[in-house]
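Novice: Supplied structure: protein_34.cif, mmCIF, C-alpha atoms.
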data_target
loop_
_atom_site.label_atom_id
_atom_site.label_comp_id
_atom_site.auth_asym_id
_atom_site.auth_seq_id
_atom_site.Cartn_x
_atom_site.Cartn_y
_atom_site.Cartn_z
CA MET A 1 239.92 -115.26 29.46
CA LYS A 2 242.99 -117.34 28.69
CA ASN A 3 246.44 -116.08 29.55
CA ASN A 4 247.39 -113.76 26.72
CA PHE A 5 250.85 -112.74 28.00
CA LEU A 6 249.86 -109.07 28.27
CA PHE A 7 250.54 -106.49 30.98
CA PRO A 8 247.63 -104.81 32.76
CA ASN A 9 246.15 -101.70 31.11
CA LYS A 10 247.39 -99.59 34.03
CA VAL A 11 251.03 -99.71 32.91
CA LYS A 12 250.32 -98.68 29.32
CA HIS A 13 250.69 -94.96 29.96
CA LEU A 14 253.81 -95.47 32.04
CA GLY A 15 255.21 -97.51 29.14
CA ALA A 16 254.40 -94.75 26.68
CA ILE A 17 256.22 -92.16 28.78
CA VAL A 18 259.29 -94.36 29.33
CA PHE A 19 259.37 -95.38 25.66
CA ALA A 20 259.05 -91.82 24.30
CA THR A 21 261.60 -90.40 26.76
CA MET A 22 264.17 -93.09 26.05
CA VAL A 23 263.74 -92.88 22.28
CA ILE A 24 264.22 -89.09 22.34
CA LEU A 25 267.25 -89.37 24.64
CA GLY A 26 268.61 -92.16 22.43
CA ILE A 27 268.31 -90.12 19.26
CA CYS A 28 269.97 -87.12 20.96
CA THR A 29 272.77 -89.39 22.16
CA LEU A 30 273.34 -90.71 18.63
CA ILE A 31 273.37 -87.22 17.14
CA PHE A 32 275.52 -85.49 19.76
CA ARG A 33 277.67 -88.50 20.75
CA TRP A 34 277.01 -87.61 24.34
CA GLU A 35 277.66 -89.88 27.33
CA PRO A 36 277.25 -88.43 30.85
CA ALA A 37 280.37 -89.12 32.91
CA THR A 38 278.29 -90.12 35.96
CA PHE A 39 277.46 -93.31 34.08
CA ASN A 40 281.13 -94.38 34.04
CA LEU A 41 280.87 -97.33 36.39
CA GLN A 42 282.34 -100.67 37.20
CA THR A 43 280.03 -103.45 36.19
CA PHE A 44 279.86 -107.21 35.94
CA ALA A 45 280.33 -108.63 32.46
CA ILE A 46 279.65 -112.18 31.33
CA LEU A 47 281.54 -111.43 28.13
CA SER A 48 283.71 -108.44 27.41
CA ASN A 49 285.98 -109.19 24.52
CA ASN A 50 288.08 -106.50 23.00
CA LEU A 51 290.64 -106.65 20.23
CA GLY A 52 293.43 -108.83 21.58
CA SER A 53 291.90 -109.51 25.00
CA GLU A 54 289.27 -111.96 26.13
CA ASN A 55 287.38 -111.59 29.36
CA HIS A 56 284.72 -113.85 30.79
CA PHE A 57 282.84 -113.25 34.02
CA SER A 58 284.87 -110.23 34.99
CA ILE A 59 284.39 -106.76 36.40
CA VAL A 60 284.83 -104.15 33.69
CA GLU A 61 284.68 -100.39 33.57
CA ASN A 62 282.15 -99.04 31.12
CA ASN A 63 279.91 -96.08 30.50
CA LEU A 64 276.48 -97.50 31.22
CA TRP A 65 274.51 -94.72 29.51
CA ASN A 66 273.98 -96.85 26.36
CA GLU A 67 272.88 -99.79 28.45
CA PHE A 68 270.47 -97.57 30.37
CA LEU A 69 268.93 -96.18 27.17
CA ALA A 70 268.66 -99.50 25.35
CA SER A 71 267.03 -101.24 28.34
CA GLY A 72 264.71 -98.28 28.75
CA VAL A 73 263.57 -98.35 25.12
CA ILE A 74 262.94 -102.11 25.26
CA ILE A 75 261.11 -102.07 28.61
CA GLY A 76 259.09 -98.99 27.61
CA ALA A 77 258.17 -100.53 24.25
CA PHE A 78 257.04 -103.76 25.89
CA LEU A 79 254.93 -102.00 28.52
CA TYR A 80 253.38 -99.75 25.90
CA GLY A 81 252.90 -102.25 23.07
CA PHE A 82 252.01 -105.31 25.11
CA SER A 83 249.60 -103.87 27.67
CA LYS A 84 245.94 -104.71 27.51
CA GLU A 85 243.60 -102.16 25.98
CA LYS A 86 240.75 -100.88 28.18
CA VAL A 87 238.53 -103.52 26.59
CA GLU A 88 240.88 -106.25 25.42
CA ASP A 89 238.52 -108.31 23.27
CA GLU A 90 239.12 -110.76 20.44
CA LEU A 91 239.10 -108.11 17.72
CA ILE A 92 241.93 -106.27 19.50
CA ALA A 93 243.78 -109.59 19.86
CA ALA A 94 243.38 -110.21 16.11
CA ILE A 95 244.66 -106.72 15.29
CA ARG A 96 247.59 -107.23 17.67
CA ILE A 97 248.63 -110.44 15.96
CA ARG A 98 248.18 -108.99 12.48
CA SER A 99 250.29 -105.96 13.39
CA LEU A 100 253.01 -108.18 14.81
CA VAL A 101 253.14 -110.25 11.60
CA TRP A 102 253.25 -107.06 9.50
CA ALA A 103 256.00 -105.58 11.67
CA THR A 104 258.07 -108.77 11.41
CA TYR A 105 257.86 -108.72 7.61
CA ILE A 106 258.80 -105.04 7.40
CA ASN A 107 261.59 -105.35 9.95
CA TYR A 108 263.26 -108.32 8.28
CA GLY A 109 262.56 -106.98 4.79
CA ILE A 110 264.51 -103.85 5.65
CA LEU A 111 267.22 -105.88 7.40
CA LEU A 112 267.56 -108.08 4.32
CA LEU A 113 268.05 -105.03 2.12
CA ALA A 114 270.56 -103.64 4.62
CA ILE A 115 272.49 -106.93 4.67
CA LEU A 116 272.79 -106.78 0.89
CA PHE A 117 273.46 -103.07 0.44
CA VAL A 118 275.09 -101.71 3.62
CA TYR A 119 278.73 -102.52 4.31
CA GLU A 120 281.57 -101.97 6.77
CA PHE A 121 280.99 -99.75 9.78
CA SER A 122 277.67 -98.44 8.43
CA PHE A 123 276.26 -101.91 8.99
CA PHE A 124 276.97 -101.53 12.69
CA ASN A 125 274.43 -98.67 12.73
CA VAL A 126 271.91 -100.95 11.05
CA LEU A 127 272.39 -103.48 13.87
CA VAL A 128 271.94 -100.78 16.51
CA PHE A 129 268.61 -99.69 15.02
CA ASN A 130 267.50 -103.22 14.28
CA MET A 131 267.54 -104.03 18.01
CA PHE A 132 264.46 -101.85 18.38
CA THR A 133 262.75 -101.58 14.99
CA LEU A 134 260.61 -104.71 15.30
CA LEU A 135 258.99 -103.31 18.45
CA ILE A 136 258.75 -99.81 16.97
CA PHE A 137 257.13 -100.99 13.71
CA PHE A 138 254.69 -103.10 15.74
CA ILE A 139 253.74 -100.18 17.98
CA LEU A 140 253.22 -97.85 15.01
CA ARG A 141 251.11 -100.34 13.06
CA PHE A 142 249.05 -101.50 16.04
CA ASN A 143 248.19 -97.94 17.09
CA TRP A 144 247.41 -96.93 13.52
CA GLU A 145 244.96 -99.83 13.24
CA LEU A 146 243.38 -98.95 16.60
CA PHE A 147 243.07 -95.35 15.46
CA ARG A 148 241.32 -96.44 12.27
CA LEU A 149 239.02 -98.76 14.22
CA LYS A 150 237.96 -95.93 16.52
CA GLY A 151 237.58 -93.61 13.52
CA ASN A 152 235.10 -96.02 11.91
CA LEU A 153 232.80 -95.65 14.88
CA ASP A 154 231.99 -92.04 14.14
CA GLU A 155 231.05 -92.55 10.50
CA MET B 1 229.75 -114.42 6.56
CA LYS B 2 226.59 -112.38 6.81
CA ASN B 3 224.85 -111.53 10.06
CA THR B 4 221.69 -109.83 11.22
CA ILE B 5 223.06 -108.30 14.42
CA LYS B 6 222.18 -104.76 13.41
CA LEU B 7 218.66 -105.80 12.41
CA GLU B 8 218.00 -107.76 15.60
CA ARG B 9 219.39 -104.92 17.65
CA ALA B 10 217.19 -102.37 15.91
CA ARG B 11 214.17 -104.62 16.29
CA ARG B 12 214.70 -104.65 20.07
CA ASN B 13 215.61 -100.97 20.19
CA LEU B 14 219.01 -101.66 21.77
CA THR B 15 222.21 -99.67 21.40
CA GLN B 16 225.63 -101.03 20.41
CA ALA B 17 226.76 -100.14 23.93
CA GLN B 18 224.12 -102.36 25.56
CA LEU B 19 225.06 -105.32 23.39
CA SER B 20 228.78 -104.73 23.88
CA GLU B 21 228.34 -104.67 27.65
CA PHE B 22 226.50 -107.99 27.67
CA ILE B 23 228.97 -109.86 25.48
CA GLN B 24 231.99 -108.05 27.00
CA VAL B 25 233.55 -106.60 23.89
CA SER B 26 234.21 -103.02 22.84
CA ARG B 27 231.68 -101.02 20.84
CA GLN B 28 234.14 -100.97 17.96
CA THR B 29 233.92 -104.76 17.77
CA ILE B 30 230.11 -104.66 17.52
CA ASN B 31 230.48 -102.02 14.84
CA ALA B 32 233.03 -104.08 12.91
CA MET B 33 230.80 -107.18 13.07
CA GLU B 34 227.73 -105.28 11.93
CA ALA B 35 229.71 -103.84 9.03
CA GLY B 36 230.83 -107.35 8.08
CA LYS B 37 234.48 -106.43 8.65
CA TYR B 38 235.02 -108.87 11.48
CA VAL B 39 233.91 -112.49 11.83
CA PRO B 40 233.47 -113.31 15.53
CA SER B 41 234.73 -116.45 17.24
CA THR B 42 232.30 -119.26 18.04
CA VAL B 43 232.19 -118.19 21.69
CA LEU B 44 231.28 -114.64 20.74
CA ALA B 45 228.69 -115.79 18.19
CA LEU B 46 227.07 -117.98 20.86
CA LYS B 47 227.04 -115.07 23.31
CA ILE B 48 225.36 -112.85 20.73
CA ALA B 49 222.76 -115.54 20.05
CA LYS B 50 222.17 -115.90 23.80
CA PHE B 51 221.68 -112.16 24.12
CA PHE B 52 219.03 -112.14 21.39
CA GLU B 53 217.58 -115.46 22.64
CA MET B 54 217.95 -116.95 19.18
CA SER B 55 220.05 -119.72 17.67
CA VAL B 56 223.37 -118.89 16.02
CA HIS B 57 221.98 -120.02 12.64
CA GLU B 58 219.26 -117.43 12.78
CA ILE B 59 221.78 -114.61 13.15
CA PHE B 60 224.81 -115.79 11.18
CA GLU B 61 224.77 -117.13 7.67
CA LEU B 62 227.56 -118.42 5.43
CA GLU B 63 228.15 -116.67 2.14
CA GLU B 64 229.14 -118.33 -1.13
CA ASN B 65 232.82 -117.46 -0.89
CA ASP B 66 233.17 -118.69 2.71
#
Starting from the file, give its structure as structure tokens.

Specialist:
Amino acid sequence: MKNNFLFPNKVKHLGAIVFATMVILGICTLIFRWEPATFNLQTFAILSNNLGSENHFSIVENNLWNEFLASGVIIGAFLYGFSKEKVEDELIAAIRIRSLVWATYINYGILLLAILFVYEFSFFNVLVFNMFTLLIFFILRFNWELFRLKGNLDE
Amino acid sequence: MKNTIKLERARRNLTQAQLSEFIQVSRQTINAMEAGKYVPSTVLALKIAKFFEMSVHEIFELEEND
């Protein structure tokens, strides 16, 4: 089979665990505004501009909890959503592509509405969520379609 | 597109699992093709024909709206 840019099936479960854990931790962090102090570290920054100061390629001090969560959600989502199924055949590939198109429409449809109707600092929250929603919508749709496909078998 | 996969399979007394193993797809895919919900690629159609030792034309047929 041609290269389909997918991870092996083995990592799918690992991806699911990482993804679910990071999403739950992320939501808790957003609700409780919690950042563990152990994540206060010095780190290398390509860009780190603040009001009035500009820094390029410098060492900055930052709480890396957000970075840890965001990377975790993205890596988990990729491992989970873009791993091969047990039998990765052409029907699965078609469903995968269809789900990705659907997710892209929904994601940017919502973003478009948010651009028009959400202002000031609230829009920052939209941007935070929008970093992950394309992957999340894709995962939800793809698994829903797989679930329906498997359901059809028992009819 | 219409197909006679289910018919040919029944005629030979074969299960969806046996066919799916030969053409290397999941059982759901066989099911979707038999139900007319999925149109297989040329490669898959040729594999199915090979399995039944028939020509593709004998199994698959275009419909008016195709």

Novice: Check every residue of chain B for an atom within 8 Å of chain A, counting all atoms listed in the file, and provide those that qualify as a list in words.

Specialist: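 Contact residues on the first chain: Gln24, Val25, Ser26, Gln28, Thr29, Asn31, Tyr38, Pro40 and Ser41 of chain B.
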
Novice: Restricting the calculation to only C-alpha atoms: of B:Glu8, B:Met1, B:Phe22, B:Thr15, which residue gets closest to Lys47 of chain B?

Specialist: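 For Lys47 of chain B, the nearest of the candidates is B:Phe22.
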
Novice: Using the chain letters and residue numbers of this document, give as a CSV table (one decimal) with C-alpha atoms, keeping the file's coordinate frame the residues selected by the PyMOL selection byres ((chain B and resi 46) around 12).

Specialist:
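Done, and the output landed in result26.csv:
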chain,number,residue,atom,x,y,z
B,23,ILE,CA,229.0,-109.9,25.5
B,40,PRO,CA,233.5,-113.3,15.5
B,41,SER,CA,234.7,-116.4,17.2
B,42,THR,CA,232.3,-119.3,18.0
B,43,VAL,CA,232.2,-118.2,21.7
B,44,LEU,CA,231.3,-114.6,20.7
B,45,ALA,CA,228.7,-115.8,18.2
B,47,LYS,CA,227.0,-115.1,23.3
B,48,ILE,CA,225.4,-112.8,20.7
B,49,ALA,CA,222.8,-115.5,20.0
B,50,LYS,CA,222.2,-115.9,23.8
B,51,PHE,CA,221.7,-112.2,24.1
B,52,PHE,CA,219.0,-112.1,21.4
B,53,GLU,CA,217.6,-115.5,22.6
B,54,MET,CA,218.0,-117.0,19.2
B,55,SER,CA,220.0,-119.7,17.7
B,56,VAL,CA,223.4,-118.9,16.0
B,57,HIS,CA,222.0,-120.0,12.6
B,58,GLU,CA,219.3,-117.4,12.8
B,59,ILE,CA,221.8,-114.6,13.2
B,60,PHE,CA,224.8,-115.8,11.2

Novice: What's the separation between atom CA of Leu79 of chain A and atom CA of Phe5 of chain A, in Å to one decimal place?

Specialist: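 Result for atom CA of Leu79 of chain A versus atom CA of Phe5 of chain A: 11.5 Å, one decimal.
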
Novice: One decimal, Å: what's the distance from atom CA of Ala17 of chain B over to atom CA of Gly15 of chain A, could you say?

Specialist: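 Going from atom CA of Ala17 of chain B over to atom CA of Gly15 of chain A, I get 29.0 Å.
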